[in-house]
$ cat target_29.cif   # mmCIF, C-alpha atoms
data_entry
loop_
_atom_site.label_atom_id
_atom_site.label_comp_id
_atom_site.auth_asym_id
_atom_site.auth_seq_id
_atom_site.Cartn_x
_atom_site.Cartn_y
_atom_site.Cartn_z
CA VAL I 1 84.76 105.98 60.86
CA VAL I 2 87.78 104.49 62.60
CA SER I 3 88.37 101.41 64.75
CA VAL I 4 88.67 101.59 68.54
CA ARG I 5 92.43 101.08 68.27
CA GLU I 6 92.77 103.89 65.73
CA ALA I 7 90.62 106.18 67.86
CA ALA I 8 92.83 105.43 70.88
CA GLN I 9 95.96 106.31 68.90
CA LEU I 10 94.43 109.56 67.64
CA LEU I 11 93.35 110.59 71.13
CA GLY I 12 96.53 109.44 72.85
CA VAL I 13 94.66 107.12 75.25
CA ASN I 14 94.22 103.36 75.60
CA ARG I 15 91.43 101.21 74.15
CA GLN I 16 89.61 100.93 77.47
CA ARG I 17 89.30 104.71 77.70
CA VAL I 18 87.81 104.86 74.20
CA LEU I 19 85.26 102.19 75.14
CA GLN I 20 84.47 104.11 78.31
CA ARG I 21 83.84 107.31 76.35
CA ILE I 22 81.58 105.39 73.96
CA ALA I 23 79.58 104.19 76.97
CA GLU I 24 79.47 107.74 78.38
CA GLY I 25 78.24 109.09 75.05
CA SER I 26 81.13 111.52 74.54
CA LEU I 27 82.17 109.54 71.45
CA GLN I 28 79.68 108.56 68.75
CA ALA I 29 80.11 104.95 67.63
CA GLU I 30 78.20 102.11 66.02
CA LYS I 31 78.71 98.39 66.58
CA VAL I 32 79.11 96.54 63.29
CA GLY I 33 79.82 92.83 63.17
CA GLY I 34 80.71 92.79 66.87
CA ARG I 35 83.22 95.67 66.54
CA TRP I 36 82.81 99.32 67.46
CA LEU I 37 83.35 101.85 64.67
CA VAL I 38 83.90 105.39 65.96
CA ASP I 39 82.73 108.55 64.19
CA ALA I 40 86.02 110.37 63.56
CA ALA I 41 84.24 113.75 63.74
CA THR I 42 83.67 113.24 67.48
CA LEU I 43 87.31 112.56 68.28
CA ARG I 44 88.04 115.38 70.66
CA PRO I 45 90.32 114.81 73.65
CA ALA I 46 88.48 114.89 76.96
CA ARG I 47 89.51 117.74 79.22
CA ARG I 48 91.98 116.56 81.81
CA SER I 49 94.48 117.79 84.34
CA ARG I 50 98.13 117.89 83.44
CA PRO I 51 99.68 114.45 84.09
CA LEU I 52 102.46 114.04 86.62
CA SER I 53 105.89 112.96 85.44
CA PRO I 54 106.66 109.27 86.10
CA ARG I 55 108.92 110.33 88.97
CA MET I 56 106.28 112.51 90.64
CA GLY I 57 103.59 109.90 89.98
CA TRP I 58 105.71 107.37 91.85
CA ALA I 59 106.27 109.89 94.66
CA LEU I 60 102.50 110.45 95.00
CA ALA I 61 101.91 106.70 95.06
CA GLN I 62 104.47 106.34 97.84
CA ALA I 63 102.83 109.18 99.78
CA VAL I 64 99.44 107.44 99.53
CA GLU I 65 101.09 104.37 101.07
CA GLY I 66 102.41 106.53 103.91
CA ARG I 67 106.00 106.04 102.79
CA PRO I 68 108.57 108.84 102.44
CA ALA I 69 108.65 110.25 98.92
CA GLN I 70 111.99 111.10 97.33
CA VAL I 71 111.29 114.62 96.10
CA ARG I 72 113.06 117.96 96.17
CA ARG I 73 112.21 120.43 98.88
CA ASP I 74 110.40 122.72 96.44
CA GLU I 75 108.22 119.78 95.33
CA VAL I 76 106.99 118.81 98.81
CA ARG I 77 104.20 121.41 98.87
CA ARG I 78 102.87 120.41 95.45
CA LEU I 79 102.94 116.76 96.43
CA ASP I 80 101.07 117.48 99.67
CA GLU I 81 98.46 119.48 97.74
CA ARG I 82 97.81 116.54 95.40
CA LEU I 83 97.57 114.13 98.31
CA HIS I 84 95.11 116.33 100.21
CA ARG I 85 93.06 116.91 97.09
CA LEU I 86 92.87 113.17 96.43
CA ARG I 87 91.77 112.39 99.98
CA GLY I 88 89.33 115.29 100.09
CA SER I 89 87.63 114.68 96.74
CA ASP I 90 84.20 113.18 96.34
CA ALA I 91 84.43 109.51 95.37
CA GLN I 92 82.79 110.23 92.00
CA ALA I 93 85.55 112.72 91.13
CA VAL I 94 88.47 110.48 92.09
CA PRO I 95 88.59 108.24 88.95
CA ALA I 96 89.07 111.14 86.52
CA LEU I 97 91.55 112.77 88.87
CA VAL I 98 93.71 109.66 89.18
CA ARG I 99 93.55 108.91 85.45
CA SER I 100 94.71 112.43 84.67
CA TRP I 101 97.55 112.57 87.19
CA LEU I 102 98.92 109.10 86.49
CA GLY I 103 98.51 108.97 82.73
CA GLU I 104 102.30 108.78 82.25
CA ARG I 105 103.14 106.36 85.09
CA ALA I 106 104.29 103.62 82.71
CA ARG I 107 104.31 102.58 79.06
CA ARG I 108 101.36 100.35 78.17
CA VAL I 109 101.82 97.23 76.05
CA GLU I 110 98.85 95.09 74.97
CA LEU I 111 99.41 91.47 73.98
CA GLU I 112 97.40 88.38 73.14
CA MET I 113 98.05 84.82 74.25
CA HIS I 114 96.06 81.60 74.33
CA PRO I 115 93.98 81.64 77.54
CA ASP I 116 95.30 78.22 78.59
CA ASP I 117 98.81 79.70 78.90
CA LEU I 118 97.88 82.60 81.17
CA THR I 119 98.15 80.57 84.37
CA GLU I 120 101.84 79.93 83.78
CA VAL I 121 102.53 83.53 82.78
CA ARG I 122 100.76 84.86 85.87
CA GLU I 123 103.35 83.10 88.04
CA ASP I 124 106.32 84.68 86.25
CA PRO I 125 108.53 86.37 88.89
CA ARG I 126 109.19 89.33 86.58
CA LEU I 127 105.56 90.41 86.80
CA ARG I 128 103.91 92.45 89.53
CA LEU I 129 100.17 91.83 89.33
CA SER I 130 97.99 94.91 89.11
CA GLY I 131 94.54 96.17 88.18
CA VAL I 132 92.09 93.34 87.57
CA SER I 133 94.83 90.80 88.41
CA ASP I 134 95.76 92.43 91.73
CA PRO I 135 94.66 90.06 94.53
CA ARG I 136 93.90 93.11 96.70
CA ALA I 137 91.19 94.17 94.24
CA GLY I 138 89.29 90.87 94.48
CA LEU I 139 88.59 90.77 90.74
CA ALA I 140 91.18 88.24 89.57
CA SER I 141 90.06 86.29 86.51
CA GLY I 142 91.69 83.55 84.49
CA ALA I 143 90.55 85.22 81.26
CA ASP I 144 93.08 88.06 81.26
CA LEU I 145 96.22 89.32 82.93
CA GLU I 146 97.39 92.78 83.99
CA ALA I 147 100.79 93.48 85.53
CA TYR I 148 103.82 95.77 85.75
CA ILE I 149 107.21 94.75 84.44
CA GLU I 150 110.55 96.55 84.47
CA GLU I 151 111.65 98.08 81.19
CA GLY I 152 114.82 95.99 81.02
CA GLN I 153 112.91 92.72 81.45
CA LEU I 154 110.28 93.17 78.75
CA ASP I 155 112.20 91.80 75.77
CA GLY I 156 113.29 88.68 77.65
CA PHE I 157 109.75 88.10 78.88
CA ALA I 158 108.37 88.39 75.34
CA ASP I 159 111.00 86.02 73.95
CA ASP I 160 110.30 83.40 76.62
CA TYR I 161 106.59 83.28 75.75
CA PHE I 162 106.91 83.85 71.97
CA LEU I 163 105.08 87.18 72.13
CA ASP I 164 105.39 89.74 69.34
CA LEU I 165 105.68 93.17 70.94
CA ALA I 166 105.13 94.91 67.60
CA ALA I 167 101.98 93.04 66.59
CA ALA I 168 98.67 94.90 66.38
CA VAL I 169 96.23 93.21 68.76
CA GLU I 170 92.49 93.77 68.45
CA SER I 171 91.41 91.77 71.53
CA PRO I 172 94.31 91.75 74.03
CA ASN I 173 94.12 89.56 77.11
CA ILE I 174 97.47 90.71 78.55
CA VAL I 175 98.14 94.30 79.59
CA LEU I 176 101.67 95.10 80.70
CA HIS I 177 102.64 98.42 82.24
CA VAL I 178 106.32 98.83 81.45
CA SER I 179 107.98 100.82 84.21
CA ALA I 180 111.39 102.41 84.59
CA VAL I 181 110.95 102.12 88.37
CA PRO I 182 111.71 98.72 89.96
CA MET I 183 108.99 97.67 92.41
CA ASP I 184 108.53 94.78 94.80
CA GLU I 185 104.80 95.42 94.85
CA VAL I 186 102.57 97.67 92.77
CA PRO I 187 101.47 100.72 94.81
CA ARG I 188 97.75 100.79 95.52
CA LEU I 189 97.40 104.08 93.64
CA PHE I 190 98.90 102.58 90.47
CA SER I 191 96.66 99.52 90.67
CA ALA I 192 93.65 101.78 91.23
CA ALA I 193 94.63 103.83 88.17
CA ASP I 194 94.70 100.64 86.11
CA LEU I 195 91.21 99.76 87.34
CA PHE I 196 89.84 103.26 86.73
CA GLU I 197 91.11 103.14 83.15
CA ARG I 198 88.93 100.09 82.48
CA GLY I 199 85.94 102.22 83.40
CA GLY I 200 83.50 99.49 84.50
CA PRO I 201 81.43 99.89 87.69
CA ARG I 202 82.97 96.82 89.34
CA GLU I 203 86.49 98.01 88.54
CA THR I 204 85.73 101.54 89.75
CA ARG I 205 84.24 100.26 92.99
CA ALA I 206 87.22 97.97 93.59
CA ALA I 207 89.66 100.82 92.91
CA LEU I 208 87.95 103.14 95.39
CA GLU I 209 87.94 100.42 98.02
CA LEU I 210 91.61 99.73 97.31
CA LEU I 211 92.32 103.39 98.08
CA GLY I 212 90.13 103.34 101.18
CA LEU I 213 87.87 106.01 99.70
CA GLY I 214 84.57 104.19 99.89
CA VAL I 215 82.18 103.34 97.09
CA ALA I 216 80.92 105.82 94.50
CA ALA I 217 77.19 106.46 94.67
#
$ encode --input "target_29.cif" --output "structure tokens"
Amino acid sequence: VVSVREAAQLLGVNRQRVLQRIAEGSLQAEKVGGRWLVDAATLRPARRSRPLSPRMGWALAQAVEGRPAQVRRDEVRRLDERLHRLRGSDAQAVPALVRSWLGERARRVELEMHPDDLTEVREDPRLRLSGVSDPRAGLASGADLEAYIEEGQLDGFADDYFLDLAAAVESPNIVLHVSAVPMDEVPRLFSAADLFERGGPRETRAALELLGLGVAA
């Protein structure tokens, strides 16, 4: 058996996706002492579409917002096909589709901080709130924090709040998506992808509503 974190590393996914697969039954696991232990024999990557490059993922997110996407002429057709497929898919198929396409949108960093300090961190101007912390999703909680931050600002952010970027964290309450693309606001598609990766029904419903795709049955 392996821990959830080890299973995530072996599968090349995040912890939330491992927990989601445990709930779905595609990974065999047993809860011991409050922690999930995963049967290593069941560690098989779930089938998924090929992820978009960070550049094309950003272009698709811009297209969803109705903004012009900076792509080459030969990429326009492929981008339009993805956009039409997204809008034409059944709501139940959208979460897996978005997770697959946007799996490489940013580098994920999980951190842990005392809950009393999260209020101050949430106001940091270097962060762009996303996922469960995105006000547009209506799920904001004081118990955890999710946001995007530019690659060049991560080290300074960690130093300011005495966070160890290399530390192994079993129960993170901060999720940072480290992006090479500067953004004034997180695109709705990125925030929805963050919510879909958590896998809960409330998060999935909020993500679909954020995209204007209705609620999954």
$ atom_distance --input "target_29.cif" --atom1 "atom CA of Leu10 of chain I" --atom2 "atom CA of Arg198 of chain I"
18.4 Å
$ closest_residue --input "target_29.cif" --among "I:Leu176, I:Leu163, I:Leu27, I:Val169" --to "Tyr148 of chain I" --atoms "all atoms listed in the file"
I:Leu176
$ atom_distance --input "target_29.cif" --atom1 "atom CA of Ala147 of chain I" --atom2 "atom CA of Asp159 of chain I"
17.1 Å
$ closest_residue --input "target_29.cif" --among "I:Val181, I:Leu139, I:Ile174, I:Val2" --to "Gly200 of chain I" --atoms "all atoms listed in the file"
I:Leu139
$ residues_around --input "target_29.cif" --residues "segment 73-84 of chain I" --least-positions-apart "4" --cutoff "8 Å" --atoms "all atoms listed in the file" --output "ChimeraX atom specification"
/I:56,59-60,63-64,88
$ write_last_selection --input "target_29.cif" --atoms "C-alpha atoms" --output "compact mmCIF listing (two decimals), in the frame of the given file"
# COMPACT_ATOMS: atom_id res chain seq x y z
CA MET I 56 106.28 112.51 90.64
CA ALA I 59 106.27 109.89 94.66
CA LEU I 60 102.50 110.45 95.00
CA ALA I 63 102.83 109.18 99.78
CA VAL I 64 99.44 107.44 99.53
CA GLY I 88 89.33 115.29 100.09
$ decode --input "target_29.cif" --residues "segment 26-41 of chain I" --atoms "all heavy atoms" --output "PDB file, in the first residue's frame"
ATOM      1  N   SER I  26     -12.372   3.441  -8.657  1.00  0.00           N
ATOM      2  CA  SER I  26     -11.365   3.020  -9.625  1.00  0.00           C
ATOM      3  C   SER I  26     -10.000   2.806  -8.979  1.00  0.00           C
ATOM      4  O   SER I  26      -9.082   2.312  -9.620  1.00  0.00           O
ATOM      5  CB  SER I  26     -11.254   4.038 -10.768  1.00  0.00           C
ATOM      6  OG  SER I  26     -10.837   5.305 -10.290  1.00  0.00           O
ATOM      7  N   LEU I  27      -9.869   3.190  -7.712  1.00  0.00           N
ATOM      8  CA  LEU I  27      -8.684   2.869  -6.913  1.00  0.00           C
ATOM      9  C   LEU I  27      -9.146   2.174  -5.639  1.00  0.00           C
ATOM     10  O   LEU I  27     -10.073   2.640  -4.976  1.00  0.00           O
ATOM     11  CB  LEU I  27      -7.899   4.133  -6.544  1.00  0.00           C
ATOM     12  CG  LEU I  27      -7.086   4.831  -7.630  1.00  0.00           C
ATOM     13  CD1 LEU I  27      -6.377   6.046  -7.042  1.00  0.00           C
ATOM     14  CD2 LEU I  27      -6.074   3.895  -8.262  1.00  0.00           C
ATOM     15  N   GLN I  28      -8.507   1.072  -5.295  1.00  0.00           N
ATOM     16  CA  GLN I  28      -8.836   0.362  -4.068  1.00  0.00           C
ATOM     17  C   GLN I  28      -8.025   0.962  -2.919  1.00  0.00           C
ATOM     18  O   GLN I  28      -6.800   1.091  -3.019  1.00  0.00           O
ATOM     19  CB  GLN I  28      -8.529  -1.129  -4.216  1.00  0.00           C
ATOM     20  CG  GLN I  28      -9.362  -1.818  -5.291  1.00  0.00           C
ATOM     21  CD  GLN I  28     -10.845  -1.763  -4.992  1.00  0.00           C
ATOM     22  OE1 GLN I  28     -11.256  -2.005  -3.860  1.00  0.00           O
ATOM     23  NE2 GLN I  28     -11.643  -1.429  -5.996  1.00  0.00           N
ATOM     24  N   ALA I  29      -8.704   1.324  -1.835  1.00  0.00           N
ATOM     25  CA  ALA I  29      -8.018   1.941  -0.702  1.00  0.00           C
ATOM     26  C   ALA I  29      -8.755   1.619   0.591  1.00  0.00           C
ATOM     27  O   ALA I  29      -9.949   1.299   0.580  1.00  0.00           O
ATOM     28  CB  ALA I  29      -7.921   3.448  -0.902  1.00  0.00           C
ATOM     29  N   GLU I  30      -8.013   1.704   1.671  1.00  0.00           N
ATOM     30  CA  GLU I  30      -8.578   1.452   2.999  1.00  0.00           C
ATOM     31  C   GLU I  30      -8.172   2.592   3.922  1.00  0.00           C
ATOM     32  O   GLU I  30      -7.027   3.062   3.876  1.00  0.00           O
ATOM     33  CB  GLU I  30      -8.063   0.129   3.541  1.00  0.00           C
ATOM     34  CG  GLU I  30      -8.607  -0.233   4.920  1.00  0.00           C
ATOM     35  CD  GLU I  30      -8.055  -1.543   5.436  1.00  0.00           C
ATOM     36  OE1 GLU I  30      -7.190  -2.129   4.749  1.00  0.00           O
ATOM     37  OE2 GLU I  30      -8.468  -1.971   6.525  1.00  0.00           O
ATOM     38  N   LYS I  31      -9.109   3.052   4.738  1.00  0.00           N
ATOM     39  CA  LYS I  31      -8.819   4.141   5.668  1.00  0.00           C
ATOM     40  C   LYS I  31      -8.323   3.552   6.980  1.00  0.00           C
ATOM     41  O   LYS I  31      -9.013   2.765   7.640  1.00  0.00           O
ATOM     42  CB  LYS I  31     -10.062   4.996   5.902  1.00  0.00           C
ATOM     43  CG  LYS I  31      -9.756   6.436   6.271  1.00  0.00           C
ATOM     44  CD  LYS I  31     -10.965   7.327   6.109  1.00  0.00           C
ATOM     45  CE  LYS I  31     -10.571   8.783   6.129  1.00  0.00           C
ATOM     46  NZ  LYS I  31     -11.748   9.675   5.911  1.00  0.00           N
ATOM     47  N   VAL I  32      -7.098   3.927   7.352  1.00  0.00           N
ATOM     48  CA  VAL I  32      -6.474   3.430   8.569  1.00  0.00           C
ATOM     49  C   VAL I  32      -6.003   4.620   9.390  1.00  0.00           C
ATOM     50  O   VAL I  32      -5.196   5.432   8.921  1.00  0.00           O
ATOM     51  CB  VAL I  32      -5.273   2.502   8.245  1.00  0.00           C
ATOM     52  CG1 VAL I  32      -4.614   2.028   9.530  1.00  0.00           C
ATOM     53  CG2 VAL I  32      -5.726   1.320   7.397  1.00  0.00           C
ATOM     54  N   GLY I  33      -6.521   4.722  10.603  1.00  0.00           N
ATOM     55  CA  GLY I  33      -6.112   5.833  11.465  1.00  0.00           C
ATOM     56  C   GLY I  33      -6.409   7.199  10.866  1.00  0.00           C
ATOM     57  O   GLY I  33      -5.649   8.143  11.057  1.00  0.00           O
ATOM     58  N   GLY I  34      -7.503   7.299  10.123  1.00  0.00           N
ATOM     59  CA  GLY I  34      -7.886   8.580   9.529  1.00  0.00           C
ATOM     60  C   GLY I  34      -7.191   8.900   8.224  1.00  0.00           C
ATOM     61  O   GLY I  34      -7.422   9.958   7.641  1.00  0.00           O
ATOM     62  N   ARG I  35      -6.321   7.993   7.728  1.00  0.00           N
ATOM     63  CA  ARG I  35      -5.599   8.228   6.473  1.00  0.00           C
ATOM     64  C   ARG I  35      -5.899   7.116   5.481  1.00  0.00           C
ATOM     65  O   ARG I  35      -5.993   5.951   5.848  1.00  0.00           O
ATOM     66  CB  ARG I  35      -4.087   8.282   6.721  1.00  0.00           C
ATOM     67  CG  ARG I  35      -3.630   9.413   7.601  1.00  0.00           C
ATOM     68  CD  ARG I  35      -2.139   9.326   7.856  1.00  0.00           C
ATOM     69  NE  ARG I  35      -1.375   9.336   6.619  1.00  0.00           N
ATOM     70  CZ  ARG I  35      -0.070   9.084   6.559  1.00  0.00           C
ATOM     71  NH1 ARG I  35       0.602   8.771   7.659  1.00  0.00           N
ATOM     72  NH2 ARG I  35       0.564   9.124   5.408  1.00  0.00           N
ATOM     73  N   TRP I  36      -6.045   7.507   4.210  1.00  0.00           N
ATOM     74  CA  TRP I  36      -6.263   6.519   3.164  1.00  0.00           C
ATOM     75  C   TRP I  36      -4.944   5.855   2.786  1.00  0.00           C
ATOM     76  O   TRP I  36      -3.939   6.523   2.586  1.00  0.00           O
ATOM     77  CB  TRP I  36      -6.864   7.177   1.926  1.00  0.00           C
ATOM     78  CG  TRP I  36      -8.317   7.509   2.027  1.00  0.00           C
ATOM     79  CD1 TRP I  36      -8.867   8.739   2.171  1.00  0.00           C
ATOM     80  CD2 TRP I  36      -9.411   6.585   1.981  1.00  0.00           C
ATOM     81  NE1 TRP I  36     -10.240   8.655   2.227  1.00  0.00           N
ATOM     82  CE2 TRP I  36     -10.592   7.342   2.116  1.00  0.00           C
ATOM     83  CE3 TRP I  36      -9.498   5.194   1.855  1.00  0.00           C
ATOM     84  CZ2 TRP I  36     -11.846   6.747   2.121  1.00  0.00           C
ATOM     85  CZ3 TRP I  36     -10.754   4.607   1.853  1.00  0.00           C
ATOM     86  CH2 TRP I  36     -11.919   5.378   1.986  1.00  0.00           C
ATOM     87  N   LEU I  37      -4.973   4.528   2.671  1.00  0.00           N
ATOM     88  CA  LEU I  37      -3.851   3.757   2.155  1.00  0.00           C
ATOM     89  C   LEU I  37      -4.322   3.073   0.879  1.00  0.00           C
ATOM     90  O   LEU I  37      -5.310   2.337   0.885  1.00  0.00           O
ATOM     91  CB  LEU I  37      -3.377   2.724   3.176  1.00  0.00           C
ATOM     92  CG  LEU I  37      -2.800   3.302   4.476  1.00  0.00           C
ATOM     93  CD1 LEU I  37      -2.398   2.179   5.424  1.00  0.00           C
ATOM     94  CD2 LEU I  37      -1.616   4.215   4.183  1.00  0.00           C
ATOM     95  N   VAL I  38      -3.626   3.337  -0.216  1.00  0.00           N
ATOM     96  CA  VAL I  38      -4.054   2.888  -1.542  1.00  0.00           C
ATOM     97  C   VAL I  38      -3.339   1.600  -1.928  1.00  0.00           C
ATOM     98  O   VAL I  38      -2.121   1.473  -1.743  1.00  0.00           O
ATOM     99  CB  VAL I  38      -3.756   3.978  -2.600  1.00  0.00           C
ATOM    100  CG1 VAL I  38      -4.262   3.547  -3.970  1.00  0.00           C
ATOM    101  CG2 VAL I  38      -4.397   5.309  -2.188  1.00  0.00           C
ATOM    102  N   ASP I  39      -4.108   0.662  -2.478  1.00  0.00           N
ATOM    103  CA  ASP I  39      -3.546  -0.597  -2.978  1.00  0.00           C
ATOM    104  C   ASP I  39      -2.730  -0.285  -4.232  1.00  0.00           C
ATOM    105  O   ASP I  39      -3.270   0.118  -5.260  1.00  0.00           O
ATOM    106  CB  ASP I  39      -4.686  -1.557  -3.302  1.00  0.00           C
ATOM    107  CG  ASP I  39      -4.174  -2.918  -3.793  1.00  0.00           C
ATOM    108  OD1 ASP I  39      -2.956  -3.050  -4.018  1.00  0.00           O
ATOM    109  OD2 ASP I  39      -5.004  -3.823  -3.952  1.00  0.00           O
ATOM    110  N   ALA I  40      -1.426  -0.464  -4.157  1.00  0.00           N
ATOM    111  CA  ALA I  40      -0.546  -0.098  -5.270  1.00  0.00           C
ATOM    112  C   ALA I  40      -0.860  -0.893  -6.533  1.00  0.00           C
ATOM    113  O   ALA I  40      -0.590  -0.420  -7.646  1.00  0.00           O
ATOM    114  CB  ALA I  40       0.917  -0.321  -4.876  1.00  0.00           C
ATOM    115  N   ALA I  41      -1.455  -2.059  -6.399  1.00  0.00           N
ATOM    116  CA  ALA I  41      -1.764  -2.888  -7.575  1.00  0.00           C
ATOM    117  C   ALA I  41      -2.842  -2.267  -8.438  1.00  0.00           C
ATOM    118  O   ALA I  41      -3.000  -2.632  -9.607  1.00  0.00           O
ATOM    119  CB  ALA I  41      -2.197  -4.283  -7.137  1.00  0.00           C
TER     120      ALA I  41
END
